[in-house]
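Asker: There's a structure below that I have some questions on.
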Amino acid sequence: ARPQGGQDIMSMMGQLLKQKKTEITDKLRREINKVVNKYIDEGIAELVPGVLFIDEVHMLDIECFTYLHRALESTISPIVIFATNRGRSTIRGTQDIVSPHGIPIDLLDRLLIIRTLPYTEEEMVQIIKIRAATEGLTIEDSALSILGQIGAKATLRYAVQLLTPAAINARICSRSTIEKADIKDMTELFMDAKSSAEMLRENSDKYMK
């Protein structure tokens, strides 16, 4: 909410940043927090926490995690949502600190962890159907079924990515609907990550190191 007491925060930021463009310093952050807390205490303003979503959180290094840990202790910190697909992995910026999801244990202990389950083949079919409709693509049920099987065997992302080249292939064949044959043609042209990794293992002697 905008405080009724004036433009103190914007005035302060203008004064501190007037000399040159720079990043938000700890000094500026403390001053802003001081004014915000004053407004809240006086009933001039109400704090509405925002939401900070960090995808691939395991890519952050130990310094970022240290800052986030400290920031979460603030009374005006936002709601923070972390997303990652990693198991036990080394925390970036360290040599040998291994932790679940690549997140430091002390920070992980502060979090509520949401249990997720893999999609079933039927759920993948519905997701791909919605994605096709969103992109304005027409696809046969048999092709959707094949994509669901591909998603269950490889990944949902790979199955979804096949939609665009399959649609192009259908247009080349003067059709407006994606058929089973289009999906089959695309799987012969494009490999998923698991198949590619397996091929590299089996033919490692044929590639440069």
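FYI, nothing fancy with the structure tokens labels: chains A, B, ... in order, residues from 1 per chain, ligands from 1 as they appear.
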Excluding Glu63 in chain A and residues on its chain fewer than 4 positions from it, collect all residues at most 10 Å away from it, counting only C-alpha atoms, and give them as a PyMOL selection string.
Answerer: chain A and resi 67-69+92-94
Asker: For those residues, write all heavy atoms to a file as a JSON list (two decimals), in the first residue's frame.
Answerer:
[["chain", "number", "residue", "atom", "x", "y", "z"],
["A", 67, "TYR", "N", 22.97, -15.19, 1.73],
["A", 67, "TYR", "CA", 22.18, -13.96, 1.71],
["A", 67, "TYR", "C", 20.69, -14.26, 1.86],
["A", 67, "TYR", "O", 19.98, -13.58, 2.62],
["A", 67, "TYR", "CB", 22.42, -13.21, 0.39],
["A", 67, "TYR", "CG", 21.51, -12.02, 0.24],
["A", 67, "TYR", "CD1", 21.76, -10.84, 0.92],
["A", 67, "TYR", "CD2", 20.36, -12.10, -0.56],
["A", 67, "TYR", "CE1", 20.90, -9.75, 0.80],
["A", 67, "TYR", "CE2", 19.50, -11.03, -0.67],
["A", 67, "TYR", "CZ", 19.79, -9.86, 0.00],
["A", 67, "TYR", "OH", 18.94, -8.80, -0.10],
["A", 68, "LEU", "N", 20.20, -15.28, 1.16],
["A", 68, "LEU", "CA", 18.78, -15.63, 1.26],
["A", 68, "LEU", "C", 18.41, -16.05, 2.68],
["A", 68, "LEU", "O", 17.34, -15.69, 3.19],
["A", 68, "LEU", "CB", 18.45, -16.77, 0.29],
["A", 68, "LEU", "CG", 18.29, -16.40, -1.18],
["A", 68, "LEU", "CD1", 18.19, -17.66, -2.03],
["A", 68, "LEU", "CD2", 17.06, -15.54, -1.39],
["A", 69, "HIS", "N", 19.30, -16.80, 3.31],
["A", 69, "HIS", "CA", 19.04, -17.25, 4.68],
["A", 69, "HIS", "C", 18.88, -16.05, 5.60],
["A", 69, "HIS", "O", 17.96, -16.00, 6.44],
["A", 69, "HIS", "CB", 20.20, -18.13, 5.15],
["A", 69, "HIS", "CG", 19.85, -18.97, 6.34],
["A", 69, "HIS", "ND1", 20.64, -19.98, 6.80],
["A", 69, "HIS", "CD2", 18.78, -18.94, 7.16],
["A", 69, "HIS", "CE1", 20.08, -20.54, 7.85],
["A", 69, "HIS", "NE2", 18.96, -19.93, 8.10],
["A", 92, "ARG", "N", 27.09, -25.34, -5.11],
["A", 92, "ARG", "CA", 27.98, -24.54, -5.95],
["A", 92, "ARG", "C", 28.76, -23.55, -5.09],
["A", 92, "ARG", "O", 28.24, -23.00, -4.12],
["A", 92, "ARG", "CB", 27.18, -23.79, -7.02],
["A", 92, "ARG", "CG", 26.55, -24.71, -8.06],
["A", 92, "ARG", "CD", 25.64, -23.94, -8.99],
["A", 92, "ARG", "NE", 26.36, -22.99, -9.80],
["A", 92, "ARG", "CZ", 26.88, -23.26, -10.99],
["A", 92, "ARG", "NH1", 26.76, -24.47, -11.50],
["A", 92, "ARG", "NH2", 27.51, -22.33, -11.69],
["A", 93, "GLY", "N", 30.01, -23.34, -5.47],
["A", 93, "GLY", "CA", 30.86, -22.44, -4.70],
["A", 93, "GLY", "C", 31.61, -23.14, -3.59],
["A", 93, "GLY", "O", 32.38, -22.51, -2.86],
["A", 94, "THR", "N", 31.36, -24.45, -3.43],
["A", 94, "THR", "CA", 32.10, -25.25, -2.45],
["A", 94, "THR", "C", 32.76, -26.41, -3.17],
["A", 94, "THR", "O", 32.41, -26.74, -4.30],
["A", 94, "THR", "CB", 31.17, -25.79, -1.35],
["A", 94, "THR", "OG1", 30.29, -26.79, -1.92],
["A", 94, "THR", "CG2", 30.32, -24.67, -0.74]]
Asker: Could you check the closest approach to Asn85 in chain A for each of A:Asp55, A:Glu23, A:Asp61, A:Asp106 and tell me which residue wins, using only C-alpha atoms?
Answerer: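 With only C-alpha atoms as the atom set, the closest residue is A:Asp55.
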Asker: Please report the interatomic distance between CA of Ser74 in chain A and CA of Arg110 in chain A in Å with one decimal.
Answerer: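 Separation between CA of Ser74 in chain A and CA of Arg110 in chain A: 13.4 Å.
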Asker: Between CA of Glu46 in chain A and CA of Asp26 in chain A, what is the spacing in Å?
Answerer: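 Value for the CA of Asp26 in chain A-CA of Glu46 in chain A distance: 23.2 Å.
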Asker: Can you work out which one of A:Ile62, A:Ile172, A:Val160, A:Met191 has the shortest atom-to-atom distance to Met124 in chain A, counting only C-alpha atoms?
Answerer: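 So, comparing all the options, the nearest one is A:Val160.
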Asker: Using DSSP on the backbone coordinates, identify the residues of chain A assigned to strand (DSSP E); present them as a ChimeraX atom specification.
Answerer: /A:51-54,79-82,88-90,98-100,138-139,177-178
Asker: Mind running range 10-129 of chain A against range 141-153 of chain A at 8 Å and telling me each contacting residue's nearest atom pair with the distance in Å (one decimal), counting only C-alpha atoms, chain and number ascending, as JSON lines?
Answerer:
{"residue": "A:Thr120", "atom": "CA", "partner": "A:Ala152", "partner_atom": "CA", "distance": 7.3}
{"residue": "A:Glu121", "atom": "CA", "partner": "A:Gly148", "partner_atom": "CA", "distance": 5.4}
{"residue": "A:Glu122", "atom": "CA", "partner": "A:Gly148", "partner_atom": "CA", "distance": 6.9}
{"residue": "A:Met124", "atom": "CA", "partner": "A:Gly148", "partner_atom": "CA", "distance": 5.5}
{"residue": "A:Val125", "atom": "CA", "partner": "A:Gly148", "partner_atom": "CA", "distance": 4.8}
{"residue": "A:Ile128", "atom": "CA", "partner": "A:Leu144", "partner_atom": "CA", "distance": 7.2}
{"residue": "A:Lys129", "atom": "CA", "partner": "A:Leu144", "partner_atom": "CA", "distance": 7.0}
Asker: From the options A:Met199, A:Leu137, A:Val48, A:Leu60, which residue's atoms come nearest to Ile79 in chain A, counting only C-alpha atoms?
Answerer: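 Checking each candidate against Ile79 in chain A, we get A:Val48 as the closest.
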Asker: Determine, counting only C-alpha atoms, which protein, DNA and RNA residues have an atom within 12 Å of an atom of Pro100 in chain A; residues of the same chain fewer than 2 positions away are not included. Present the result as JSON, numbers by chain.
Answerer: {"A": [57, 58, 84, 85, 86, 87, 88, 89, 90, 91, 97, 98, 102, 103, 104, 105, 106, 107, 108, 109, 113]}
Asker: Please compute the CA of Gln161 in chain A-CA of Glu179 in chain A distance, one decimal, in Å.
Answerer: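 For CA of Gln161 in chain A relative to CA of Glu179 in chain A, the distance reads 15.5 Å.
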Asker: Quick one: DSSP alpha helix (DSSP H) residues in chain A, as a PyMOL selection string?
Answerer: chain A and resi 8-16+26-41+62-72+105-108+121-134+141-153+156-161+163-172+180-189+193-202
